[in-house]
Amino acid sequence: MIRFVVLLMLTSVFCKAGGQTAVSDFNFVSYQRSFPVFNEALKRKEDTLIKQFEEKKLVWPAKYIYIRSFKYDSQLEVWVKQDVHDAYKLFKTYKICALAGTLGPKRLAGDFQVPEGFYYVNEFNPHSNYHLSLGLNYPNASDKMLSDSLQPGGDIYIHGSCVTTGCIPITDTQIEELYILASQAKNEGQDFIPVHIFPVAFKSPRSNYYLTMYEKDFPEYKKMAEKLKQVYYYFEKHKNLPIIMVGEKGEYVFGDDVTIAEDAKPEVKTVKKKEATPVKFDESELMNSVNKLPVFPGGAEAFQQFLDELSKQLVTMLPPDTKKTFITVEYIITKEGKTILPKVLRGASNEMNNLIIEKFESLPTWSPAIRLEKPIAIKLKQTIYVEAD
């Protein structure tokens, strides 16, 4: 007989017909105000939050909130609604400001991994070492079966301070807002605030491509990623959460309606490492010494501006566990001033490589190098520094 464990994180599980269960006389927000950090945050932020709700035509305070996080995209979304039957509406997206680990679930204490799966807030910590923090119920029923039986790890939080060894950090200002929103929802009766942690934002072609490449190296992860994707697209379609269960082997199990509609799937293109456009060029024409180097239109300052803009685009393609990299590019400036045969020598992923080649091939005409008063072809190398903020 197959046995399922229902993950208690769905608002419908905790609601009576027509609304939430009755709220006791205990006022959770008033209790939290007894802690100085929360009390000061509430004084600073409450009016601002109310105005933000009004601007988005949302009702304050939200009776239900739903949080979902995307590792690769470094984003944390906050969704809100007033009634169990309402559709969730997006309130705000926060930037996750520090990263640890890679894609994939947490399975062992000290592995620096951020969990992936379906959780809920089980702790409000107003005296956290990281300003304020919201604890998650890791390990959940699935993790307890699939993680190390003796040391699965724990103490997973959404918190401030922008440092992490396996949690989800946002800035102090942002955690103040989120902590207030969560406290207000709990005060309204939402005892289990769902938090879903996904590897990527599945609708993003760039993120999906990264996930596809990751699954090639770790094919055993694909089955779990597909489960997470199903819940992601269910929410995208309904703006509400499905019932999520855990099977006897620790796998996530859903109802038949949790499927990915074909028209909801992102267009995933097979991206191959791009080679420079074939150009007939006799490299014997290249000179090792010149009297004058080629000049980019607008001079060195304009070329640096081009490199800075390219670097900003490349930042979005950095792997989650990489903060900075140096990329070396080789290219030829012909005697006509054309940029040909750009080639990435080191430091770039396939996706970065494609962008770099595309940008260098489309450069405007240079003033060519000069040797003995004649224009000549020359091969150059350029280092591009890419660093995330």
# chains A, B, ... in the order shown; residues from 1 in each chain; ligands from 1

call {"tool": "residues_around", "arguments": {"residues": "stretch 143-160 of chain A", "least_positions_apart": "2", "cutoff": "9 Å", "atoms": "only C-alpha atoms", "output": "compact mmCIF listing (two decimals) with C-alpha atoms, in the first residue's frame"}}
result
# COMPACT_ATOMS: atom_id res chain seq x y z
CA PRO A 105 18.92 19.92 -2.86
CA LYS A 106 20.60 19.99 0.53
CA ARG A 107 21.45 16.50 1.72
CA LEU A 108 24.10 16.85 4.43
CA ALA A 109 25.01 19.18 7.28
CA GLY A 110 27.87 21.47 6.33
CA ASP A 111 27.52 21.02 2.56
CA VAL A 114 20.60 25.95 0.03
CA PRO A 115 17.70 23.44 0.14
CA GLY A 117 11.74 21.97 -2.38
CA VAL A 121 8.09 29.45 7.85
CA GLU A 123 10.26 30.40 13.22
CA SER A 128 18.94 37.04 14.95
CA ASN A 129 22.68 37.48 14.44
CA TYR A 130 21.65 38.47 10.89
CA HIS A 131 19.36 41.37 11.83
CA LEU A 132 16.03 39.52 11.51
CA SER A 133 15.34 36.03 10.23
CA LEU A 134 12.55 33.66 9.24
CA GLY A 135 13.28 29.99 9.84
CA LEU A 136 12.24 27.24 7.41
CA ASN A 137 11.16 23.72 8.31
CA TYR A 138 14.19 22.05 6.76
CA PRO A 139 14.47 19.08 6.81
CA ASN A 140 10.89 18.48 5.69
CA ALA A 141 9.29 15.05 5.29
CA CYS A 162 24.14 39.59 3.01
CA VAL A 163 26.28 36.65 4.18
CA GLY A 166 23.49 27.82 3.02
CA CYS A 167 20.65 30.19 3.85
CA ILE A 168 18.79 32.81 1.77
CA PRO A 169 20.18 36.28 2.56
CA ILE A 170 18.60 39.56 1.50
CA THR A 171 19.50 43.04 2.70
CA ASP A 172 18.58 44.32 6.16
CA THR A 173 16.06 46.72 4.63
CA GLN A 174 14.42 43.92 2.68
CA ILE A 175 14.27 41.44 5.57
CA GLU A 176 12.57 44.14 7.64
CA GLU A 248 7.05 6.52 0.76
CA LYS A 249 10.44 6.94 -0.96
CA GLY A 250 10.66 10.66 -0.25
CA GLU A 251 9.57 11.82 -3.71

call {"tool": "select_by_dssp", "arguments": {"residues": "stretch 187-221 of chain A", "states": "strand (DSSP E or B)", "output": "PyMOL selection string"}}
result
chain A and resi 193-198

call {"tool": "atom_distance", "arguments": {"atom1": "atom CA of A:Phe254", "atom2": "atom CA of A:Pro242"}}
result
7.3 Å

call {"tool": "residues_around", "arguments": {"residues": "stretch 183-199 of chain A", "least_positions_apart": "6", "cutoff": "7 Å", "atoms": "only C-alpha atoms", "output": "number ranges by chain"}}
result
A: 9-10, 20-21, 23, 27-29, 61-72, 103-104, 116-121, 228
